$ cat structure.txt   # compact mmCIF, C-alpha atoms
# COMPACT_ATOMS: atom_id res chain seq x y z
CA MET A 15 32.14 -46.24 -26.55
CA ALA A 16 32.05 -48.23 -23.33
CA ALA A 17 34.96 -46.17 -22.02
CA CYS A 18 33.03 -42.97 -22.75
CA ARG A 19 30.01 -44.29 -20.87
CA ARG A 20 32.17 -45.19 -17.87
CA LEU A 21 33.78 -41.75 -17.96
CA ALA A 22 30.38 -40.04 -18.14
CA ALA A 23 29.03 -42.17 -15.29
CA GLY A 24 32.07 -41.35 -13.19
CA LEU A 25 31.74 -37.61 -13.82
CA ARG A 26 28.06 -37.80 -12.93
CA ASP A 27 28.70 -39.69 -9.68
CA PRO A 28 27.31 -37.69 -6.69
CA GLN A 29 30.10 -39.11 -4.54
CA LYS A 30 32.57 -36.93 -6.44
CA VAL A 31 30.45 -33.86 -5.71
CA ALA A 32 30.34 -34.85 -2.02
CA ALA A 33 34.11 -35.37 -2.03
CA PHE A 34 34.65 -31.87 -3.45
CA GLN A 35 32.35 -30.46 -0.78
CA ARG A 36 34.25 -32.27 1.99
CA LEU A 37 37.52 -31.00 0.52
CA CYS A 38 36.12 -27.46 0.83
CA GLY A 39 35.00 -28.08 4.43
CA VAL A 40 31.25 -28.61 3.94
CA GLU A 41 29.59 -30.95 6.45
CA GLY A 42 26.08 -32.35 6.32
CA PRO A 43 23.73 -32.91 9.28
CA CYS A 44 24.73 -35.42 11.94
CA GLY A 45 23.67 -38.96 11.09
CA TRP A 46 24.37 -38.57 7.36
CA PRO A 47 26.96 -41.41 7.26
CA GLU A 48 24.14 -43.86 8.07
CA ALA A 49 21.75 -42.17 5.63
CA GLU A 50 24.39 -42.25 2.92
CA GLN A 51 25.00 -45.93 3.52
CA ARG A 52 21.28 -46.63 3.15
CA ALA A 53 21.10 -44.55 -0.05
CA GLY A 54 24.29 -46.19 -1.26
CA GLY A 55 25.29 -42.91 -2.90
CA ARG A 56 23.22 -44.04 -5.87
CA GLY A 57 20.16 -42.62 -7.54
CA PRO A 58 18.32 -39.38 -6.94
CA VAL A 59 16.30 -38.61 -3.84
CA ALA A 60 13.36 -36.36 -4.82
CA ASN A 61 15.27 -34.88 -7.75
CA GLY A 62 18.36 -34.57 -5.62
CA GLY A 63 16.49 -33.00 -2.71
CA PRO A 64 17.68 -33.45 0.86
CA ALA A 65 16.70 -36.61 2.64
CA GLY A 66 15.21 -36.67 6.10
CA ARG A 67 17.29 -37.01 9.26
CA ALA A 68 18.73 -40.43 9.94
CA ALA A 69 17.44 -42.46 12.86
CA GLY A 70 19.17 -41.53 16.06
CA ASP A 71 20.20 -38.09 14.84
CA SER A 72 20.13 -35.81 17.83
CA GLY A 73 21.94 -32.72 16.69
CA GLY A 74 23.04 -30.51 13.84
CA PRO A 75 26.39 -30.34 12.09
CA ARG A 76 29.50 -29.06 13.77
CA GLY A 77 31.32 -25.92 12.64
CA TRP A 78 29.86 -22.70 11.28
CA ARG A 79 26.17 -23.48 10.80
CA ARG A 80 24.16 -22.18 7.88
CA ARG A 81 20.77 -22.71 6.32
CA PRO A 82 20.51 -23.40 2.54
CA ARG A 83 20.66 -20.27 0.42
CA ARG A 84 17.57 -18.84 -1.24
CA ASN A 85 17.45 -17.16 -4.61
CA SER A 86 18.65 -13.58 -4.41
CA LEU A 87 16.26 -10.71 -5.13
CA SER A 88 13.16 -12.85 -5.54
CA GLY A 89 11.72 -13.36 -2.08
CA GLU A 90 10.53 -16.73 -3.32
CA GLU A 91 11.82 -19.86 -1.65
CA GLU A 92 10.94 -23.43 -2.40
CA GLU A 93 9.51 -25.21 0.58
CA GLU A 94 11.26 -28.55 0.73
CA GLU A 95 10.78 -31.24 3.27
CA GLY A 96 13.89 -32.01 5.20
CA CYS A 97 15.56 -28.71 4.36
CA GLN A 98 18.37 -28.90 6.91
CA GLU A 99 21.19 -26.72 8.06
CA PHE A 100 24.74 -27.60 7.17
CA ALA A 101 28.14 -26.54 8.46
CA THR A 102 31.30 -25.35 6.78
CA ARG A 103 34.79 -25.05 8.19
CA SER A 104 35.79 -22.30 5.76
CA ARG A 105 33.81 -19.09 5.67
CA LEU A 106 36.16 -17.75 2.99
CA LEU A 107 35.30 -20.55 0.56
CA TYR A 108 31.60 -20.28 1.41
CA TYR A 109 31.48 -16.57 0.57
CA LEU A 110 33.77 -17.00 -2.46
CA PHE A 111 31.57 -19.68 -4.01
CA SER A 112 28.41 -17.80 -3.00
CA LEU A 113 29.80 -14.90 -5.05
CA GLY A 114 30.46 -17.31 -7.90
CA THR A 115 26.92 -18.66 -7.91
CA GLU A 116 25.50 -15.11 -7.73
CA LEU A 117 27.24 -14.40 -11.04
CA GLY A 118 24.47 -16.50 -12.59
CA ASN A 119 21.54 -15.11 -10.57
CA GLU A 120 19.12 -12.23 -11.07
CA LEU A 121 20.90 -9.91 -8.65
CA PHE A 122 24.00 -9.97 -10.83
CA TYR A 123 22.12 -9.49 -14.08
CA ILE A 124 20.15 -6.50 -12.78
CA LEU A 125 23.44 -4.84 -11.86
CA PHE A 126 25.75 -6.00 -14.65
CA PHE A 127 23.70 -5.25 -17.77
CA PRO A 128 22.52 -1.78 -16.59
CA CYS A 129 26.07 -0.87 -15.57
CA CYS A 130 27.35 -1.94 -18.97
CA ILE A 131 24.64 -0.10 -20.96
CA TRP A 132 24.50 3.09 -18.88
CA ASN A 133 28.12 3.50 -17.84
CA VAL A 134 30.39 1.51 -20.14
CA ASP A 135 29.19 0.91 -23.71
CA ALA A 136 25.57 0.50 -24.85
CA TRP A 137 26.74 -1.11 -28.10
CA LEU A 138 28.51 -3.79 -26.09
CA GLY A 139 25.65 -4.18 -23.59
CA ARG A 140 23.00 -4.86 -26.26
CA ARG A 141 25.11 -7.59 -27.80
CA LEU A 142 25.82 -9.21 -24.46
CA VAL A 143 22.06 -9.33 -23.78
CA ILE A 144 21.50 -11.04 -27.14
CA VAL A 145 24.13 -13.70 -26.37
CA TRP A 146 22.81 -14.18 -22.83
CA VAL A 147 19.19 -14.63 -23.96
CA TRP A 148 19.97 -17.32 -26.51
CA VAL A 149 22.47 -19.17 -24.33
CA MET A 150 20.08 -19.29 -21.39
CA TYR A 151 17.05 -20.19 -23.50
CA VAL A 152 18.78 -23.10 -25.20
CA GLY A 153 20.19 -24.27 -21.87
CA GLN A 154 16.86 -24.15 -20.01
CA CYS A 155 15.04 -25.99 -22.82
CA THR A 156 17.77 -28.63 -22.94
CA LYS A 157 17.29 -29.28 -19.23
CA ASP A 158 13.61 -30.02 -19.75
CA VAL A 159 14.39 -32.34 -22.66
CA VAL A 160 17.24 -34.32 -21.05
CA ARG A 161 15.54 -34.39 -17.60
CA TRP A 162 18.50 -35.50 -15.50
CA PRO A 163 17.88 -35.04 -11.76
CA ARG A 164 20.08 -33.05 -9.41
CA PRO A 165 22.87 -34.95 -7.61
CA ALA A 166 21.48 -37.34 -4.99
CA SER A 167 21.30 -36.05 -1.42
CA PRO A 168 22.80 -37.78 0.51
CA PRO A 169 25.69 -38.02 -0.12
CA VAL A 170 25.60 -34.46 -1.54
CA VAL A 171 24.85 -31.58 0.85
CA LYS A 172 22.44 -29.04 -0.62
CA LEU A 173 23.62 -25.50 0.06
CA GLU A 174 20.80 -24.02 -2.06
CA VAL A 175 17.09 -24.80 -2.19
CA PHE A 176 15.51 -22.53 -4.77
CA TYR A 177 16.59 -24.32 -7.95
CA SER A 178 16.15 -27.87 -6.70
CA SER A 179 12.93 -28.42 -8.69
CA GLU A 180 14.82 -27.85 -11.95
CA TYR A 181 16.67 -30.55 -13.81
CA SER A 182 20.42 -30.66 -13.79
CA MET A 183 21.86 -31.21 -17.28
CA PRO A 184 23.39 -28.89 -18.46
CA SER A 185 24.35 -26.33 -15.82
CA THR A 186 22.93 -23.02 -17.05
CA HIS A 187 25.06 -21.23 -14.44
CA ALA A 188 28.11 -22.76 -16.12
CA MET A 189 26.72 -21.74 -19.51
CA SER A 190 26.17 -18.10 -18.56
CA GLY A 191 29.43 -18.07 -16.57
CA THR A 192 31.23 -19.16 -19.74
CA ALA A 193 29.30 -17.26 -22.40
CA ILE A 194 29.20 -13.82 -20.77
CA PRO A 195 32.94 -13.39 -20.01
CA LEU A 196 33.99 -14.93 -23.35
CA ALA A 197 31.50 -12.77 -25.27
CA LEU A 198 32.67 -9.75 -23.29
CA LEU A 199 36.24 -10.50 -24.37
CA LEU A 200 35.37 -11.20 -28.01
CA LEU A 201 33.18 -8.11 -28.40
CA SER A 202 35.26 -5.61 -26.43
CA TYR A 203 38.81 -6.46 -27.49
CA GLY A 204 39.84 -3.97 -30.16
CA ARG A 205 36.92 -1.71 -29.32
CA TRP A 206 38.43 -1.02 -25.90
CA GLN A 207 42.11 -0.60 -25.18
CA TYR A 208 43.36 -3.15 -22.65
CA PRO A 209 45.95 -5.95 -22.60
CA LEU A 210 44.64 -9.21 -24.07
CA ILE A 211 46.13 -11.17 -21.18
CA PHE A 212 43.96 -9.17 -18.76
CA GLY A 213 40.80 -10.16 -20.64
CA LEU A 214 41.87 -13.80 -20.80
CA ILE A 215 42.62 -13.95 -17.07
CA LEU A 216 39.29 -12.28 -16.21
CA ALA A 217 37.35 -14.68 -18.44
CA PHE A 218 39.18 -17.72 -17.03
CA CYS A 219 38.71 -16.73 -13.37
CA TRP A 220 35.05 -15.78 -13.91
CA CYS A 221 34.26 -19.06 -15.66
CA LEU A 222 36.20 -21.19 -13.15
CA LEU A 223 34.57 -19.53 -10.15
CA VAL A 224 31.02 -19.99 -11.46
CA CYS A 225 31.58 -23.61 -12.53
CA CYS A 226 33.21 -24.67 -9.26
CA SER A 227 30.54 -22.86 -7.23
CA ARG A 228 27.79 -25.07 -8.67
CA ILE A 229 29.60 -28.21 -7.54
CA TYR A 230 30.32 -26.67 -4.14
CA MET A 231 26.63 -25.78 -3.71
CA GLY A 232 25.69 -29.39 -4.46
CA MET A 233 23.48 -28.37 -7.38
CA HIS A 234 25.36 -30.01 -10.25
CA SER A 235 27.58 -32.95 -11.01
CA ILE A 236 30.97 -32.49 -12.66
CA LEU A 237 29.46 -33.74 -15.93
CA ASP A 238 26.69 -31.11 -15.79
CA VAL A 239 29.24 -28.33 -15.44
CA ILE A 240 31.56 -29.62 -18.19
CA ALA A 241 28.58 -30.02 -20.53
CA GLY A 242 27.39 -26.49 -19.74
CA PHE A 243 30.86 -25.09 -20.44
CA LEU A 244 31.19 -26.87 -23.80
CA TYR A 245 27.56 -26.13 -24.74
CA ALA A 246 28.08 -22.40 -24.18
CA ILE A 247 31.19 -22.40 -26.36
CA LEU A 248 29.28 -24.18 -29.13
CA ILE A 249 26.44 -21.63 -28.97
CA LEU A 250 28.97 -18.78 -29.01
CA ILE A 251 30.60 -20.23 -32.14
CA VAL A 252 27.20 -20.16 -33.83
CA PHE A 253 25.88 -16.81 -32.57
CA HIS A 254 28.98 -14.63 -32.36
CA PRO A 255 29.29 -14.17 -36.15
CA VAL A 256 25.65 -13.05 -36.45
CA VAL A 257 25.26 -10.95 -33.30
CA ASP A 258 25.92 -7.73 -35.25
CA LEU A 259 23.24 -8.67 -37.79
CA ILE A 260 20.73 -9.39 -35.01
CA ASP A 261 21.42 -6.07 -33.28
CA ASN A 262 21.20 -4.16 -36.55
CA PHE A 263 17.89 -5.90 -37.33
CA ASN A 264 16.53 -4.98 -33.88
CA LEU A 265 17.46 -1.35 -34.43
CA THR A 266 16.57 -0.66 -38.04
CA TYR A 267 13.98 -3.08 -39.41
CA LYS A 268 10.52 -1.51 -39.55
CA TYR A 269 8.63 -4.49 -38.17
CA ALA A 270 11.34 -5.64 -35.76
CA PRO A 271 9.30 -5.11 -32.54
CA LEU A 272 6.36 -7.15 -33.86
CA ILE A 273 8.63 -9.99 -34.99
CA ILE A 274 10.69 -9.94 -31.78
CA ILE A 275 7.68 -9.98 -29.47
CA SER A 276 5.96 -12.72 -31.46
CA LEU A 277 9.10 -14.87 -31.72
CA HIS A 278 10.02 -14.60 -28.05
CA LEU A 279 6.44 -15.27 -26.98
CA ALA A 280 6.26 -18.35 -29.24
CA LEU A 281 9.55 -19.62 -27.81
CA GLY A 282 8.18 -19.11 -24.31
CA ILE A 283 5.01 -21.08 -25.08
CA PHE A 284 7.12 -23.87 -26.60
CA SER A 285 9.35 -24.08 -23.53
CA PHE A 286 6.29 -24.31 -21.25
CA THR A 287 5.15 -27.44 -23.10
CA LEU A 288 8.39 -29.36 -22.49
CA ASP A 289 7.69 -30.44 -18.92
CA THR A 290 5.63 -29.85 -15.78
CA TRP A 291 6.07 -26.74 -13.65
CA SER A 292 9.48 -25.85 -12.28
CA THR A 293 11.36 -22.62 -11.65
CA SER A 294 13.07 -23.04 -15.04
CA ARG A 295 9.79 -22.26 -16.87
CA GLY A 296 9.45 -18.90 -15.16
CA ASP A 297 13.14 -18.16 -15.66
CA THR A 298 12.82 -18.90 -19.38
CA ALA A 299 9.88 -16.52 -19.80
CA GLN A 300 11.75 -13.95 -17.73
CA ILE A 301 14.85 -14.14 -19.95
CA LEU A 302 12.82 -13.97 -23.17
CA GLY A 303 10.80 -11.04 -21.86
CA CYS A 304 13.93 -9.13 -20.89
CA GLY A 305 15.50 -9.77 -24.29
CA ALA A 306 12.36 -8.63 -26.10
CA GLY A 307 12.13 -5.50 -23.95
CA VAL A 308 15.76 -4.55 -24.60
CA ALA A 309 15.35 -5.10 -28.35
CA CYS A 310 12.11 -3.05 -28.53
CA GLY A 311 13.59 -0.27 -26.41
CA SER A 312 16.63 -0.13 -28.68
CA HIS A 313 14.35 0.12 -31.72
CA VAL A 314 12.44 3.04 -30.16
CA ASN A 315 15.75 4.77 -29.42
CA TYR A 316 16.72 4.40 -33.08
CA LEU A 317 13.39 5.78 -34.31
CA MET A 318 13.65 8.79 -31.98
CA GLY A 319 17.27 9.46 -32.85
CA ILE A 320 18.52 8.66 -29.34
CA ASP A 321 22.03 7.25 -29.71
CA LEU A 322 23.47 5.74 -26.54
CA ASP A 323 26.55 4.37 -28.31
CA PRO A 324 29.91 6.18 -28.02
CA PRO A 325 30.69 8.36 -31.06
CA PRO A 326 32.74 6.50 -33.72
CA ASP A 327 35.55 9.07 -33.53
CA THR A 328 36.19 8.13 -29.88
CA LEU A 329 37.07 4.51 -30.76
CA PRO A 330 38.99 2.66 -29.51
CA LEU A 331 37.76 3.50 -26.03
CA SER A 332 40.09 3.78 -23.08
CA LEU A 333 39.81 3.73 -19.30
CA SER A 334 42.39 6.51 -19.02
CA SER A 335 39.64 9.15 -19.11
CA LEU A 336 38.10 7.85 -15.86
CA THR A 337 37.97 10.63 -13.24
CA VAL A 338 36.38 11.01 -9.83
CA THR A 339 33.53 13.03 -11.37
CA VAL A 340 32.89 10.46 -14.10
CA PHE A 341 32.99 7.64 -11.55
CA GLY A 342 30.61 9.48 -9.22
CA LYS A 343 28.08 10.07 -12.00
CA ALA A 344 28.33 6.40 -12.99
CA ILE A 345 27.53 5.27 -9.45
CA LEU A 346 24.64 7.74 -9.25
CA ARG A 347 23.24 6.51 -12.58
CA LEU A 348 23.47 2.92 -11.42
CA LEU A 349 21.80 3.63 -8.08
CA ILE A 350 18.90 5.67 -9.52
CA GLY A 351 18.45 3.40 -12.52
CA VAL A 352 18.39 0.11 -10.60
CA ILE A 353 15.84 1.55 -8.16
CA ILE A 354 13.61 2.46 -11.12
CA LEU A 355 14.01 -1.04 -12.59
CA LEU A 356 13.10 -2.66 -9.27
CA LEU A 357 10.06 -0.40 -8.87
CA THR A 358 9.02 -1.28 -12.44
CA LYS A 359 9.34 -4.97 -11.63
CA VAL A 360 7.27 -4.69 -8.44
CA ALA A 361 4.55 -2.58 -10.09
CA MET A 362 4.22 -4.86 -13.12
CA LYS A 363 4.15 -7.96 -10.94
CA LYS A 364 1.31 -6.58 -8.83
CA ALA A 365 -0.63 -5.67 -11.95
CA THR A 366 -0.06 -8.67 -14.22
CA ILE A 367 -0.71 -11.59 -11.85
CA PRO A 368 -4.25 -10.51 -10.78
CA LEU A 369 -5.03 -9.45 -14.36
CA ALA A 370 -3.96 -12.81 -15.81
CA CYS A 371 -5.94 -14.66 -13.14
CA LYS A 372 -9.01 -12.57 -13.94
CA ILE A 373 -8.73 -13.02 -17.71
CA PHE A 374 -8.27 -16.81 -17.52
CA ARG A 375 -10.63 -17.22 -14.54
CA ILE A 376 -8.04 -18.74 -12.25
CA PRO A 377 -8.63 -18.45 -8.47
CA LEU A 378 -6.28 -15.97 -6.82
CA ASP A 379 -6.67 -17.43 -3.32
CA ASP A 380 -3.29 -19.17 -3.58
CA VAL A 381 -0.95 -16.98 -5.66
CA ARG A 382 1.83 -19.57 -5.53
CA LYS A 383 -0.44 -22.24 -7.01
CA ALA A 384 -1.92 -19.83 -9.55
CA ARG A 385 1.54 -18.94 -10.83
CA GLN A 386 2.22 -22.57 -11.63
CA ARG A 387 -0.35 -22.27 -14.42
CA MET A 388 1.08 -21.32 -17.81
CA GLU A 389 -1.74 -18.81 -18.35
CA VAL A 390 -0.44 -16.80 -15.38
CA GLU A 391 3.28 -17.50 -15.24
CA LEU A 392 4.06 -16.78 -18.89
CA PRO A 393 2.32 -13.38 -19.22
CA TYR A 394 3.42 -12.30 -15.73
CA ARG A 395 7.09 -13.04 -16.35
CA TYR A 396 7.11 -11.98 -19.99
CA ILE A 397 5.33 -8.65 -19.53
CA THR A 398 7.04 -7.76 -16.23
CA TYR A 399 10.58 -8.37 -17.44
CA GLY A 400 9.76 -7.05 -20.89
CA MET A 401 9.00 -3.71 -19.24
CA VAL A 402 12.18 -3.99 -17.16
CA GLY A 403 14.21 -4.50 -20.35
CA PHE A 404 12.40 -1.65 -22.13
CA SER A 405 13.03 0.66 -19.18
CA LEU A 406 16.68 -0.38 -19.12
CA VAL A 407 17.46 0.93 -22.62
CA PHE A 408 14.82 3.63 -23.16
CA VAL A 409 12.98 4.97 -20.10
CA VAL A 410 15.93 5.22 -17.72
CA PRO A 411 18.37 6.76 -20.26
CA CYS A 412 15.70 9.36 -21.13
CA LEU A 413 15.39 10.16 -17.43
CA PHE A 414 19.19 10.50 -17.17
CA SER A 415 19.12 12.94 -20.09
CA PHE A 416 16.40 14.99 -18.38
CA MET A 417 18.38 15.02 -15.10
CA GLY A 418 21.66 15.92 -16.79
CA LEU A 419 23.28 12.59 -15.91
CA SER A 420 23.89 11.38 -19.48
$ encode --input "structure.txt" --output "structure tokens"
Amino acid sequence: MAACRRLAAGLRDPQKVAAFQRLCGVEGPCGWPEAEQRAGGRGPVANGGPAGRAAGDSGGPRGWRRRPRRNSLSGEEEEEEGCQEFATRSRLLYYLFSLGTELGNELFYILFFPCCIWNVDAWLGRRLVIVWVWVMYVGQCTKDVVRWPRPASPPVVKLEVFYSSEYSMPSTHAMSGTAIPLALLLLSYGRWQYPLIFGLILAFCWCLLVCCSRIYMGMHSILDVIAGFLYAILILIVFHPVVDLIDNFNLTYKYAPLIIISLHLALGIFSFTLDTWSTSRGDTAQILGCGAGVACGSHVNYLMGIDLDPPPDTLPLSLSSLTVTVFGKAILRLLIGVIILLLTKVAMKKATIPLACKIFRIPLDDVRKARQRMEVELPYRYITYGMVGFSLVFVVPCLFSFMGLS
């Protein structure tokens, strides 16, 4: 037992994260050696947030200078004191791990799931959304229960700022970066014709890239990432056998929309009671809203006789039928569809925030502060992304049918 504690403490040590960053060529601001000595490399600093400049610091880091990354697609950036530029000696590694961390961000999801549902296999896409929703919900709630801070900075250099207010254990990026490729492999193999080794290599590289990127960005300890990886596998073991039952329930049960909306809303309210405000609360409502919207849209498709799934007689599916025309239509669908989803998101955001503030009599002078109230954040995120999910599986495919792009 003592050996396990020592192992866990070692894997959680921020010095190991800093060592990995140095190995990859990341350098903190000048004067950090003194700051690190004062911090002793122990304990969190403002939930792992960057510390101020050390005394006598007169310049920035050497090498290719960068400012910490902000969350893609949101236009929202946490204002943190002491948010400092860093330097990296390898642009290749910086862009590679930036790609890896984007595989767990909104930009990726708003491209990946639509592409899968509109252009690849709607049957597969719906099931991936189900897995993603439950994996991310359980992971976000676990963070707010465990409440481990981000790795201390210094010695760790923060290459991101947006998620610093969240807790660290487990890494939900690692969870999604494990669950999505493994679920993709489990659900698609046999339904699609491709070599198993290709699917295994893709899943391994995807998972490894996302997990390593979170350590490189200074957002998670090695223990956070390992826990996220194992946690996602455990959730997959539980949910994979019932994912077909869940999807069939969403499609065919008469009262499915009412149950889905109520359940997801109740789960959102529960998650908001776990801790004070952080970006994880909004992300949780966003994920639940998207899942509810996709499920309700799928149910409406079923009621109206709109079948987006490939015909059974075409199974197993193959990539050999891919032509220039098919590829061009797929790109056009993705471009038009994503624009519609983004416009839906913007319109619903502009409508729901003032409406929620008016209903609950919350001042709208400071929108940022107003959104930290559950009465605003939960309905805004839930309704906005619920409509995005509904548009993803019902509105946009109907538009494609009208335009002759189905």
$ residues_near_point --input "structure.txt" --point "(28.6, -33.7, 1.5)" --cutoff "7 Å" --atoms "all atoms listed in the file" --output "JSON list (two decimals) with C-alpha atoms, in the coordinates of the input"
[["chain", "number", "residue", "atom", "x", "y", "z"],
["A", 32, "ALA", "CA", 30.34, -34.85, -2.02],
["A", 33, "ALA", "CA", 34.11, -35.37, -2.03],
["A", 35, "GLN", "CA", 32.35, -30.46, -0.78],
["A", 36, "ARG", "CA", 34.25, -32.27, 1.99],
["A", 40, "VAL", "CA", 31.25, -28.61, 3.94],
["A", 41, "GLU", "CA", 29.59, -30.95, 6.45],
["A", 42, "GLY", "CA", 26.08, -32.35, 6.32],
["A", 169, "PRO", "CA", 25.69, -38.02, -0.12],
["A", 170, "VAL", "CA", 25.60, -34.46, -1.54],
["A", 171, "VAL", "CA", 24.85, -31.58, 0.85]]
$ atom_distance --input "structure.txt" --atom1 "atom CA of A:Gly24" --atom2 "atom CA of A:Ile236"
8.9 Å
$ residues_around --input "structure.txt" --residues "stretch 123-133 of chain A" --least-positions-apart "3" --cutoff "9 Å" --atoms "all atoms listed in the file" --output "number ranges by chain"
A: 117-120, 136-140, 142-143, 322-323, 341, 343-345, 347-348, 351-352, 355-356, 406-407, 410-411, 420
$ closest_residue --input "structure.txt" --among "A:Gln300, A:Ser332, A:Thr186, A:Thr339" --to "A:Gly400" --atoms "all atoms listed in the file"
A:Gln300
$ residues_around --input "structure.txt" --residues "stretch 153-155 of chain A" --least-positions-apart "6" --cutoff "7 Å" --atoms "only C-alpha atoms" --output "VMD selection string"
chain A and resid 184 186 285 294 298
$ closest_residue --input "structure.txt" --among "A:Arg228, A:Trp206, A:Leu222, A:Ala188" --to "A:Thr328" --atoms "only C-alpha atoms"
A:Trp206
$ closest_residue --input "structure.txt" --among "A:Thr287, A:Gln207, A:Ser235, A:Ser312" --to "A:Asp261" --atoms "all atoms listed in the file"
A:Ser312
$ atom_distance --input "structure.txt" --atom1 "atom CA of A:His187" --atom2 "atom CA of A:Leu349"
25.9 Å
$ atom_distance --input "structure.txt" --atom1 "atom CA of A:Glu389" --atom2 "atom CA of A:Ser405"
24.5 Å
$ closest_residue --input "structure.txt" --among "A:Ala197, A:Gly213, A:Ile376, A:Gly403" --to "A:Leu302" --atoms "all atoms listed in the file"
A:Gly403
$ closest_residue --input "structure.txt" --among "A:Met189, A:Val257, A:Ile144, A:Cys38" --to "A:Leu110" --atoms "all atoms listed in the file"
A:Cys38
$ closest_residue --input "structure.txt" --among "A:Leu198, A:Met233, A:Leu331, A:Val159" --to "A:Ala217" --atoms "all atoms listed in the file"
A:Leu198
$ residues_around --input "structure.txt" --residues "A:Ala365" --least-positions-apart "4" --cutoff "12 Å" --atoms "all atoms listed in the file" --output "PyMOL selection string"
chain A and resi 358-361+369-372+390+393-395+397-398
$ write_last_selection --input "structure.txt" --atoms "C-alpha atoms" --output "PDB file, in the frame of the given file"
ATOM      1  CA  THR A 358       9.020  -1.280 -12.440  1.00  0.00           C
ATOM      2  CA  LYS A 359       9.340  -4.970 -11.630  1.00  0.00           C
ATOM      3  CA  VAL A 360       7.270  -4.690  -8.440  1.00  0.00           C
ATOM      4  CA  ALA A 361       4.550  -2.580 -10.090  1.00  0.00           C
ATOM      5  CA  LEU A 369      -5.030  -9.450 -14.360  1.00  0.00           C
ATOM      6  CA  ALA A 370      -3.960 -12.810 -15.810  1.00  0.00           C
ATOM      7  CA  CYS A 371      -5.940 -14.660 -13.140  1.00  0.00           C
ATOM      8  CA  LYS A 372      -9.010 -12.570 -13.940  1.00  0.00           C
ATOM      9  CA  VAL A 390      -0.440 -16.800 -15.380  1.00  0.00           C
ATOM     10  CA  PRO A 393       2.320 -13.380 -19.220  1.00  0.00           C
ATOM     11  CA  TYR A 394       3.420 -12.300 -15.730  1.00  0.00           C
ATOM     12  CA  ARG A 395       7.090 -13.040 -16.350  1.00  0.00           C
ATOM     13  CA  ILE A 397       5.330  -8.650 -19.530  1.00  0.00           C
ATOM     14  CA  THR A 398       7.040  -7.760 -16.230  1.00  0.00           C
TER      15      THR A 398
END
